[in-house]
>>> print(open('start_8.pdb').read())   # PDB, C-alpha atoms, pLDDT in the B column
ATOM      1  CA  MET I   5       0.000   0.000   0.000  1.00 82.00           C
ATOM      2  CA  THR I   6       1.266   3.473  -0.835  1.00 88.00           C
ATOM      3  CA  ILE I   7       0.161   6.723   0.759  1.00 90.00           C
ATOM      4  CA  GLU I   8      -0.059  10.082  -0.984  1.00 92.00           C
ATOM      5  CA  TYR I   9       0.156  13.110   1.316  1.00 93.00           C
ATOM      6  CA  ASP I  10      -1.317  16.375   0.055  1.00 92.00           C
ATOM      7  CA  GLU I  11      -2.339  19.735   1.557  1.00 91.00           C
ATOM      8  CA  ILE I  12      -0.021  19.328   4.554  1.00 95.00           C
ATOM      9  CA  VAL I  13      -0.125  21.991   7.267  1.00 95.00           C
ATOM     10  CA  ALA I  14       2.088  21.850  10.362  1.00 94.00           C
ATOM     11  CA  SER I  15       1.328  24.046  13.396  1.00 94.00           C
ATOM     12  CA  VAL I  16       3.380  24.753  16.512  1.00 93.00           C
ATOM     13  CA  PHE I  17       1.954  25.468  19.971  1.00 94.00           C
ATOM     14  CA  TYR I  18       3.505  26.392  23.293  1.00 94.00           C
ATOM     15  CA  GLY I  19       1.092  25.137  25.938  1.00 92.00           C
ATOM     16  CA  SER I  20      -2.300  26.151  24.573  1.00 89.00           C
ATOM     17  CA  GLY I  21      -0.843  29.192  22.774  1.00 89.00           C
ATOM     18  CA  PHE I  22      -0.684  29.050  18.972  1.00 90.00           C
ATOM     19  CA  ILE I  23       2.723  30.138  17.651  1.00 90.00           C
ATOM     20  CA  LEU I  24       2.766  29.584  13.887  1.00 89.00           C
ATOM     21  CA  GLU I  25       2.047  27.268  10.998  1.00 91.00           C
ATOM     22  CA  THR I  26       3.739  26.309   7.751  1.00 91.00           C
ATOM     23  CA  ARG I  27       2.926  24.243   4.690  1.00 93.00           C
ATOM     24  CA  VAL I  28       4.882  21.139   3.722  1.00 92.00           C
ATOM     25  CA  PRO I  29       5.273  20.020   0.069  1.00 93.00           C
ATOM     26  CA  PRO I  30       3.172  16.983  -0.961  1.00 94.00           C
ATOM     27  CA  PHE I  31       4.918  13.613  -1.183  1.00 93.00           C
ATOM     28  CA  LYS I  32       4.292   9.907  -1.736  1.00 92.00           C
ATOM     29  CA  GLN I  33       5.311   7.161   0.644  1.00 91.00           C
ATOM     30  CA  GLY I  34       5.922   3.712  -0.808  1.00 86.00           C
ATOM     31  CA  LYS I  35       4.988   0.529   0.953  1.00 82.00           C
ATOM     32  CA  ARG I  36       7.221  -0.348   3.885  1.00 80.00           C
ATOM     33  CA  PHE I  37       9.081   2.948   3.602  1.00 83.00           C
ATOM     34  CA  ARG I  38       9.802   5.359   6.411  1.00 83.00           C
ATOM     35  CA  SER I  39       9.832   8.986   5.296  1.00 82.00           C
ATOM     36  CA  THR I  40      11.508  11.969   6.902  1.00 81.00           C
ATOM     37  CA  VAL I  41       9.801  15.285   6.330  1.00 81.00           C
ATOM     38  CA  ASN I  42      11.611  18.545   6.997  1.00 79.00           C
ATOM     39  CA  ALA I  43       9.641  21.680   7.781  1.00 81.00           C
ATOM     40  CA  THR I  44      10.972  25.167   8.376  1.00 80.00           C
ATOM     41  CA  PHE I  45       9.143  27.415  10.815  1.00 81.00           C
ATOM     42  CA  SER I  46       9.632  31.145  11.306  1.00 77.00           C
ATOM     43  CA  VAL I  47       7.935  33.528  13.713  1.00 73.00           C
ATOM     44  CA  ALA I  48       9.423  36.688  12.229  1.00 69.00           C
ATOM     45  CA  ASP I  49       6.778  39.429  12.121  1.00 70.00           C
ATOM     46  CA  SER I  50       4.250  37.178  13.900  1.00 73.00           C
ATOM     47  CA  PHE I  51       2.262  38.042  17.010  1.00 80.00           C
ATOM     48  CA  VAL I  52       3.084  35.931  20.071  1.00 82.00           C
ATOM     49  CA  ASP I  53       1.142  36.569  23.288  1.00 84.00           C
ATOM     50  CA  ASP I  54       3.247  38.056  26.142  1.00 89.00           C
ATOM     51  CA  ARG I  55       2.419  35.100  28.428  1.00 91.00           C
ATOM     52  CA  VAL I  56       3.596  32.633  25.779  1.00 90.00           C
ATOM     53  CA  ALA I  57       6.771  34.638  25.036  1.00 87.00           C
ATOM     54  CA  SER I  58       7.604  34.808  28.768  1.00 92.00           C
ATOM     55  CA  GLY I  59       7.150  31.042  29.141  1.00 94.00           C
ATOM     56  CA  ILE I  60       9.338  30.335  26.129  1.00 91.00           C
ATOM     57  CA  ASN I  61      12.077  32.640  27.430  1.00 89.00           C
ATOM     58  CA  ALA I  62      11.976  31.007  30.893  1.00 94.00           C
ATOM     59  CA  ASP I  63      12.242  27.500  29.371  1.00 93.00           C
ATOM     60  CA  ARG I  64      14.982  28.650  27.003  1.00 90.00           C
ATOM     61  CA  ALA I  65      17.053  29.801  29.979  1.00 90.00           C
ATOM     62  CA  ARG I  66      16.851  26.206  31.294  1.00 89.00           C
ATOM     63  CA  GLY I  67      18.181  24.795  27.999  1.00 87.00           C
ATOM     64  CA  THR I  68      15.209  23.517  25.991  1.00 92.00           C
ATOM     65  CA  VAL I  69      11.682  24.613  25.176  1.00 93.00           C
ATOM     66  CA  SER I  70       8.904  22.024  24.814  1.00 94.00           C
ATOM     67  CA  PHE I  71       6.458  22.669  21.990  1.00 94.00           C
ATOM     68  CA  SER I  72       3.535  20.700  20.611  1.00 95.00           C
ATOM     69  CA  VAL I  73       3.399  20.065  16.860  1.00 93.00           C
ATOM     70  CA  LYS I  74       0.141  19.368  15.067  1.00 95.00           C
ATOM     71  CA  VAL I  75       0.080  18.143  11.454  1.00 95.00           C
ATOM     72  CA  LEU I  76      -3.031  17.958   9.275  1.00 96.00           C
ATOM     73  CA  ALA I  77      -2.819  16.377   5.824  1.00 96.00           C
ATOM     74  CA  ARG I  78      -5.134  15.040   3.159  1.00 96.00           C
ATOM     75  CA  VAL I  79      -4.036  11.483   2.447  1.00 95.00           C
ATOM     76  CA  GLN I  80      -4.995   8.862  -0.078  1.00 93.00           C
ATOM     77  CA  PHE I  81      -4.206   5.183   0.281  1.00 89.00           C
ATOM     78  CA  ARG I  82      -3.475   3.102  -2.843  1.00 86.00           C
ATOM     79  CA  LYS I  83      -3.030  -0.605  -3.345  1.00 82.00           C
ATOM     80  CA  GLY I  84      -2.394  -1.702  -6.907  1.00 78.00           C
ATOM     81  CA  GLY I  85      -5.198  -0.204  -9.015  1.00 78.00           C
ATOM     82  CA  TRP I  86      -7.400   0.410  -5.984  1.00 83.00           C
ATOM     83  CA  ARG I  87      -7.662   3.909  -4.635  1.00 78.00           C
ATOM     84  CA  LEU I  88      -9.520   4.752  -1.441  1.00 79.00           C
ATOM     85  CA  ARG I  89     -11.149   8.144  -1.001  1.00 79.00           C
ATOM     86  CA  ARG I  90      -9.165  10.946   0.571  1.00 88.00           C
ATOM     87  CA  ARG I  91      -8.992  11.085   4.354  1.00 92.00           C
ATOM     88  CA  LEU I  92      -7.823  13.686   6.840  1.00 95.00           C
ATOM     89  CA  LEU I  93      -4.722  12.567   8.734  1.00 95.00           C
ATOM     90  CA  ARG I  94      -4.245  14.225  12.134  1.00 97.00           C
ATOM     91  CA  VAL I  95      -0.954  13.931  14.022  1.00 96.00           C
ATOM     92  CA  LEU I  96      -0.216  15.485  17.417  1.00 96.00           C
ATOM     93  CA  CYS I  97       3.242  15.377  18.994  1.00 94.00           C
ATOM     94  CA  ARG I  98       3.355  16.800  22.512  1.00 94.00           C
ATOM     95  CA  ASP I  99       6.387  18.018  24.447  1.00 92.00           C
ATOM     96  CA  VAL I 100       8.816  18.155  21.530  1.00 93.00           C
ATOM     97  CA  PRO I 101      12.067  19.514  23.025  1.00 93.00           C
ATOM     98  CA  VAL I 102      13.778  22.257  21.024  1.00 92.00           C
ATOM     99  CA  SER I 103      17.183  23.749  21.807  1.00 90.00           C
ATOM    100  CA  ILE I 104      17.243  27.427  20.861  1.00 86.00           C
ATOM    101  CA  SER I 105      20.592  29.053  20.082  1.00 83.00           C
ATOM    102  CA  ASN I 106      21.648  32.621  20.899  1.00 82.00           C
ATOM    103  CA  ASN I 107      20.743  33.765  17.384  1.00 81.00           C
ATOM    104  CA  GLY I 108      17.168  32.502  17.864  1.00 76.00           C
ATOM    105  CA  SER I 109      17.306  29.446  15.614  1.00 82.00           C
ATOM    106  CA  GLY I 110      16.133  26.170  17.094  1.00 83.00           C
ATOM    107  CA  LYS I 111      16.720  22.491  16.538  1.00 84.00           C
ATOM    108  CA  MET I 112      14.743  19.513  17.771  1.00 84.00           C
ATOM    109  CA  SER I 113      16.634  17.614  20.443  1.00 86.00           C
ATOM    110  CA  GLY I 114      16.166  14.302  22.185  1.00 80.00           C
ATOM    111  CA  GLY I 115      15.502  12.065  19.163  1.00 79.00           C
ATOM    112  CA  GLY I 116      12.168  10.707  17.936  1.00 79.00           C
ATOM    113  CA  ARG I 117       8.852  11.245  19.687  1.00 81.00           C
ATOM    114  CA  ASP I 118       5.719   9.193  20.210  1.00 88.00           C
ATOM    115  CA  CYS I 119       2.786  10.984  18.599  1.00 93.00           C
ATOM    116  CA  SER I 120      -0.971  10.493  18.415  1.00 95.00           C
ATOM    117  CA  VAL I 121      -2.229   9.675  14.906  1.00 94.00           C
ATOM    118  CA  ALA I 122      -5.832   9.572  13.701  1.00 94.00           C
ATOM    119  CA  VAL I 123      -7.266   9.044  10.217  1.00 89.00           C
TER     120      VAL I 123
END
>>> encode(input="start_8.pdb", output="structure tokens")
Amino acid sequence: MTIEYDEIVASVFYGSGFILETRVPPFKQGKRFRSTVNATFSVADSFVDDRVASGINADRARGTVSFSVKVLARVQFRKGGWRLRRRLLRVLCRDVPVSISNNGSGKMSGGGRDCSVAV
């Protein structure tokens, strides 16, 4: 079975505070393949609530900031000539640790995460 991912939107939250979202290019995943998807996020010129910014700065001073990442994507499953109708894939990864450097760029730390997935 192959999976086609389309209309992919990834959002980042700190606690219950929305930070930003970005779109990810569509891709296909072959059977028995594991795919890595890279997304770039930027909060330049975006509004972030003072409470959220204060929490992020306090966590940053301790070394890492934990964010939640939510991904929504339209997916279509295919097997041979069979094609199932499109479904909405929902993924939620909580407490994703990010190390933020002095210049403000961040990088996920701590390896892979367990996430909730619903179709």
>>> residues_around(input="start_8.pdb", residues="segment 53-63 of chain I", least_positions_apart="4", cutoff="9 Å", atoms="all atoms listed in the file", output="ChimeraX atom specification")
/I:18-23,67-70
>>> closest_residue(input="start_8.pdb", among="I:Ala65, I:Leu93, I:Val121, I:Val13", to="Arg78 of chain I", atoms="all atoms listed in the file")
I:Leu93
>>> atom_distance(input="start_8.pdb", atom1="atom CA of Ser46 of chain I", atom2="atom CA of Gln80 of chain I")
29.0 Å
>>> residues_around(input="start_8.pdb", residues="Val95 of chain I", least_positions_apart="3", cutoff="6 Å", atoms="only C-alpha atoms", output="number ranges by chain")
I: 74-75, 120-121
>>> resolve_selection(input="start_8.pdb", expression="the PyMOL selection byres ((chain I and resi 119) around 6)", output="PyMOL selection string")
chain I and resi 96-97+118+120
>>> closest_residue(input="start_8.pdb", among="I:Val100, I:Val41, I:Leu76, I:Leu24", to="Asp10 of chain I", atoms="only C-alpha atoms")
I:Leu76
>>> residues_around(input="start_8.pdb", residues="Phe81 of chain I", least_positions_apart="6", cutoff="7 Å", atoms="all atoms listed in the file", output="NGL selection string")
:I and (5-8 or 87-88)
>>> atom_distance(input="start_8.pdb", atom1="atom CA of Phe37 of chain I", atom2="atom CA of Arg94 of chain I")
19.4 Å
>>> closest_residue(input="start_8.pdb", among="I:Lys83, I:Arg38, I:Phe17, I:Thr26", to="Asp99 of chain I", atoms="all atoms listed in the file")
I:Phe17
>>> closest_residue(input="start_8.pdb", among="I:Ser15, I:Gln33, I:Ser50, I:Ser103", to="Arg82 of chain I", atoms="all atoms listed in the file")
I:Gln33
>>> atom_distance(input="start_8.pdb", atom1="atom CA of Val73 of chain I", atom2="atom CA of Arg98 of chain I")
6.5 Å
>>> axis_aligned_box(input="start_8.pdb", around="segment 18-28 of chain I", padding_each_side="6 Å", output="JSON")
{"center_x": 1.3, "center_y": 25.6, "center_z": 14.8, "size_x": 19.2, "size_y": 21.0, "size_z": 34.2}
>>> closest_residue(input="start_8.pdb", among="I:Arg117, I:Arg27, I:Arg89, I:Arg66", to="Phe45 of chain I", atoms="only C-alpha atoms")
I:Arg27
>>> resolve_selection(input="start_8.pdb", expression="the PyMOL selection byres ((chain I and resi 113) around 6)", output="list in words")
Pro101, Val102, Met112, Gly114 and Gly115 of chain I
>>> closest_residue(input="start_8.pdb", among="I:Phe31, I:Ser109, I:Ser72, I:Ala77", to="Val16 of chain I", atoms="only C-alpha atoms")
I:Ser72
>>> residues_around(input="start_8.pdb", residues="Ile104 of chain I", least_positions_apart="6", cutoff="7 Å", atoms="only C-alpha atoms", output="PyMOL selection string")
chain I and resi 64+68+110-111
>>> build_atoms(input="start_8.pdb", residues="segment 106-121 of chain I", atoms="N, CA and C atoms", output="PDB file, in the coordinates of the input")
ATOM      1  N   ASN I 106      21.615  31.178  20.603  1.00 82.00           N
ATOM      2  CA  ASN I 106      21.648  32.621  20.899  1.00 82.00           C
ATOM      3  C   ASN I 106      21.108  33.469  19.756  1.00 82.00           C
ATOM      4  N   ASN I 107      21.240  32.979  18.516  1.00 81.00           N
ATOM      5  CA  ASN I 107      20.743  33.765  17.384  1.00 81.00           C
ATOM      6  C   ASN I 107      19.248  33.538  17.131  1.00 81.00           C
ATOM      7  N   GLY I 108      18.616  32.702  17.969  1.00 76.00           N
ATOM      8  CA  GLY I 108      17.168  32.502  17.864  1.00 76.00           C
ATOM      9  C   GLY I 108      16.754  31.303  17.047  1.00 76.00           C
ATOM     10  N   SER I 109      17.683  30.634  16.381  1.00 82.00           N
ATOM     11  CA  SER I 109      17.306  29.446  15.614  1.00 82.00           C
ATOM     12  C   SER I 109      17.196  28.258  16.564  1.00 82.00           C
ATOM     13  N   GLY I 110      16.344  27.320  16.230  1.00 83.00           N
ATOM     14  CA  GLY I 110      16.133  26.170  17.094  1.00 83.00           C
ATOM     15  C   GLY I 110      16.281  24.861  16.352  1.00 83.00           C
ATOM     16  N   LYS I 111      16.555  23.817  17.109  1.00 84.00           N
ATOM     17  CA  LYS I 111      16.720  22.491  16.538  1.00 84.00           C
ATOM     18  C   LYS I 111      16.119  21.479  17.498  1.00 84.00           C
ATOM     19  N   MET I 112      15.344  20.548  16.943  1.00 84.00           N
ATOM     20  CA  MET I 112      14.743  19.513  17.771  1.00 84.00           C
ATOM     21  C   MET I 112      15.836  18.709  18.446  1.00 84.00           C
ATOM     22  N   SER I 113      15.640  18.402  19.708  1.00 86.00           N
ATOM     23  CA  SER I 113      16.634  17.614  20.443  1.00 86.00           C
ATOM     24  C   SER I 113      15.949  16.413  21.083  1.00 86.00           C
ATOM     25  N   GLY I 114      16.724  15.435  21.470  1.00 80.00           N
ATOM     26  CA  GLY I 114      16.166  14.302  22.185  1.00 80.00           C
ATOM     27  C   GLY I 114      15.660  13.166  21.319  1.00 80.00           C
ATOM     28  N   GLY I 115      15.898  13.185  20.019  1.00 79.00           N
ATOM     29  CA  GLY I 115      15.502  12.065  19.163  1.00 79.00           C
ATOM     30  C   GLY I 115      14.023  12.044  18.823  1.00 79.00           C
ATOM     31  N   GLY I 116      13.553  10.869  18.386  1.00 79.00           N
ATOM     32  CA  GLY I 116      12.168  10.707  17.936  1.00 79.00           C
ATOM     33  C   GLY I 116      11.165  10.843  19.067  1.00 79.00           C
ATOM     34  N   ARG I 117       9.928  11.055  18.715  1.00 81.00           N
ATOM     35  CA  ARG I 117       8.852  11.245  19.687  1.00 81.00           C
ATOM     36  C   ARG I 117       7.709  10.309  19.371  1.00 81.00           C
ATOM     37  N   ASP I 118       6.973   9.913  20.408  1.00 88.00           N
ATOM     38  CA  ASP I 118       5.719   9.193  20.210  1.00 88.00           C
ATOM     39  C   ASP I 118       4.632  10.234  19.986  1.00 88.00           C
ATOM     40  N   CYS I 119       3.825  10.018  18.963  1.00 93.00           N
ATOM     41  CA  CYS I 119       2.786  10.984  18.599  1.00 93.00           C
ATOM     42  C   CYS I 119       1.446  10.269  18.472  1.00 93.00           C
ATOM     43  N   SER I 120       0.367  11.013  18.637  1.00 95.00           N
ATOM     44  CA  SER I 120      -0.971  10.493  18.415  1.00 95.00           C
ATOM     45  C   SER I 120      -1.321  10.673  16.950  1.00 95.00           C
ATOM     46  N   VAL I 121      -1.870   9.627  16.325  1.00 94.00           N
ATOM     47  CA  VAL I 121      -2.229   9.675  14.906  1.00 94.00           C
ATOM     48  C   VAL I 121      -3.658   9.202  14.747  1.00 94.00           C
TER      49      VAL I 121
END
